[in-house]
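S.K.: This one is start-v9.pdb, PDB, C-alpha atoms.
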```pdb
ATOM      1  CA  MET T   1      56.259 101.358  29.984
ATOM      2  CA  GLN T   2      57.275  98.389  32.093
ATOM      3  CA  ALA T   3      58.218  98.633  35.740
ATOM      4  CA  CYS T   4      61.856  98.198  36.750
ATOM      5  CA  ASP T   5      61.044  95.910  39.672
ATOM      6  CA  ARG T   6      60.674  92.897  37.364
ATOM      7  CA  TYR T   7      64.372  92.949  36.396
ATOM      8  CA  GLY T   8      66.362  90.260  38.143
ATOM      9  CA  LYS T   9      63.289  88.053  38.496
ATOM     10  CA  GLU T  10      63.198  86.912  34.862
ATOM     11  CA  GLN T  11      65.866  85.254  32.734
ATOM     12  CA  ILE T  12      66.086  88.232  30.351
ATOM     13  CA  PRO T  13      69.431  90.016  29.883
ATOM     14  CA  VAL T  14      69.235  93.683  30.866
ATOM     15  CA  ILE T  15      71.566  96.561  30.115
ATOM     16  CA  GLY T  16      71.124  99.633  32.272
ATOM     17  CA  GLY T  17      72.592 102.985  31.398
ATOM     18  CA  GLY T  18      72.349 106.657  32.044
ATOM     19  CA  ASP T  19      74.083 109.981  31.594
ATOM     20  CA  LEU T  20      75.385 110.944  35.009
ATOM     21  CA  ASN T  21      77.665 113.750  33.863
ATOM     22  CA  ALA T  22      75.150 116.555  34.142
ATOM     23  CA  THR T  23      72.547 117.949  36.493
ATOM     24  CA  ALA T  24      69.622 120.310  36.178
ATOM     25  CA  SER T  25      69.780 123.946  37.253
ATOM     26  CA  ARG T  26      67.340 123.695  40.117
ATOM     27  CA  ASP T  27      67.994 124.987  43.635
ATOM     28  CA  HIS T  28      66.344 122.016  45.355
ATOM     29  CA  LEU T  29      68.855 119.554  43.839
ATOM     30  CA  PRO T  30      72.131 118.734  45.597
ATOM     31  CA  GLN T  31      74.894 121.164  44.652
ATOM     32  CA  ARG T  32      78.624 120.485  44.485
ATOM     33  CA  ALA T  33      81.087 122.686  46.380
ATOM     34  CA  TRP T  34      82.975 123.760  43.248
ATOM     35  CA  PRO T  35      85.968 125.380  44.991
ATOM     36  CA  ALA T  36      86.616 122.041  46.752
ATOM     37  CA  ALA T  37      86.027 119.837  43.677
ATOM     38  CA  ASN T  38      88.979 117.939  42.253
ATOM     39  CA  TYR T  39      90.199 118.361  38.666
ATOM     40  CA  LEU T  40      88.287 115.364  37.317
ATOM     41  CA  ALA T  41      84.948 116.621  38.667
ATOM     42  CA  ARG T  42      85.631 120.147  37.420
ATOM     43  CA  SER T  43      86.608 119.007  33.931
ATOM     44  CA  HIS T  44      83.731 116.543  33.442
ATOM     45  CA  LYS T  45      80.831 118.090  35.340
ATOM     46  CA  GLY T  46      81.650 121.784  35.519
ATOM     47  CA  LYS T  47      81.972 124.716  33.172
ATOM     48  CA  HIS T  48      83.589 128.119  33.267
ATOM     49  CA  VAL T  49      81.041 130.934  33.502
ATOM     50  CA  ASP T  50      82.082 134.410  32.370
ATOM     51  CA  ASP T  51      80.901 136.711  35.144
ATOM     52  CA  GLY T  52      82.793 139.791  33.977
ATOM     53  CA  THR T  53      85.838 139.215  36.157
ATOM     54  CA  ALA T  54      89.258 138.084  34.957
ATOM     55  CA  GLU T  55      88.940 134.738  36.771
ATOM     56  CA  GLY T  56      85.312 133.942  35.978
ATOM     57  CA  THR T  57      83.346 131.443  38.009
ATOM     58  CA  LEU T  58      83.227 127.652  37.999
ATOM     59  CA  GLY T  59      79.759 126.152  38.131
ATOM     60  CA  PRO T  60      77.743 123.109  37.111
ATOM     61  CA  ASP T  61      77.325 122.230  33.444
ATOM     62  CA  THR T  62      73.526 122.143  33.263
ATOM     63  CA  ASP T  63      73.057 122.825  29.544
ATOM     64  CA  ALA T  64      72.206 119.270  28.422
ATOM     65  CA  VAL T  65      69.666 118.476  31.141
ATOM     66  CA  ASP T  66      68.139 121.959  30.991
ATOM     67  CA  HIS T  67      67.593 121.410  27.273
ATOM     68  CA  LEU T  68      65.696 118.188  27.991
ATOM     69  CA  ILE T  69      63.537 119.250  30.954
ATOM     70  CA  GLY T  70      63.731 123.040  30.893
ATOM     71  CA  ARG T  71      65.370 125.420  33.314
TER      72      ARG T  71
END
```
Would you put the structure from the file into structure tokens?
M.R.:
Amino acid sequence: MQACDRYGKEQIPVIGGGDLNATASRDHLPQRAWPAANYLARSHKGKHVDDGTAEGTLGPDTDAVDHLIGR
């Protein structure tokens, strides 16, 4: 694997990308204040969790990253 620090020093086109829509379910990672989150953040980065109440709970959508690295 090549280091990223060489990019910008050579005349090679580079495309950078990443999936920034999800996070992992770890306590040491930054957590969003879901009650204060706007609609766009809730609809793209959150999910409804059935906690047995009529309203449920809104929390982070960690399924994709947890699948890759584990819970």
S.K.: If we count all atoms listed in the file, what is near Thr57 (chain T) at a cut-off of 9 Å, once residues fewer than 5 positions away on the same chain are taken out, given as a list in words?
M.R.: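 Here the qualifying residues turn out to be Lys47, His48, Val49, Asp50 and Asp51 of chain T.
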S.K.: To verify the selection step, state as a list in words which residues the PyMOL selection byres ((chain T and resi 63) around 10) yields on this input.
M.R.: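 Selected by the PyMOL selection byres ((chain T and resi 63) around 10) here: Ala22, Thr23, Ala24, Ser25, Lys47, Pro60, Asp61, Thr62, Ala64, Val65, Asp66, His67, Leu68, Gly70 and Arg71 of chain T.
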S.K.: Which residues would end up in the selection if the PyMOL selection byres ((chain T and resi 34-37) around 12) were applied here, given that I need the answer as number ranges by chain?
M.R.: T: 31-33, 38-48, 57-61
S.K.: As lines of an AutoDock Vina configuration file, please: the centre and edge lengths in Å, to one decimal, of an axis-aligned box enclosing every listed atom of region 44-58 of chain T with 4 Å added on each side.
M.R.:
```
center_x = 85.0
center_y = 128.2
center_z = 35.2
size_x = 16.4
size_y = 31.2
size_z = 13.6
```
S.K.: Work out how far CA of Pro30 (chain T) is from CA of Ala54 (chain T), in Å to one decimal.
M.R.: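 We find that CA of Ala54 (chain T) and CA of Pro30 (chain T) lie 27.9 Å from each other.
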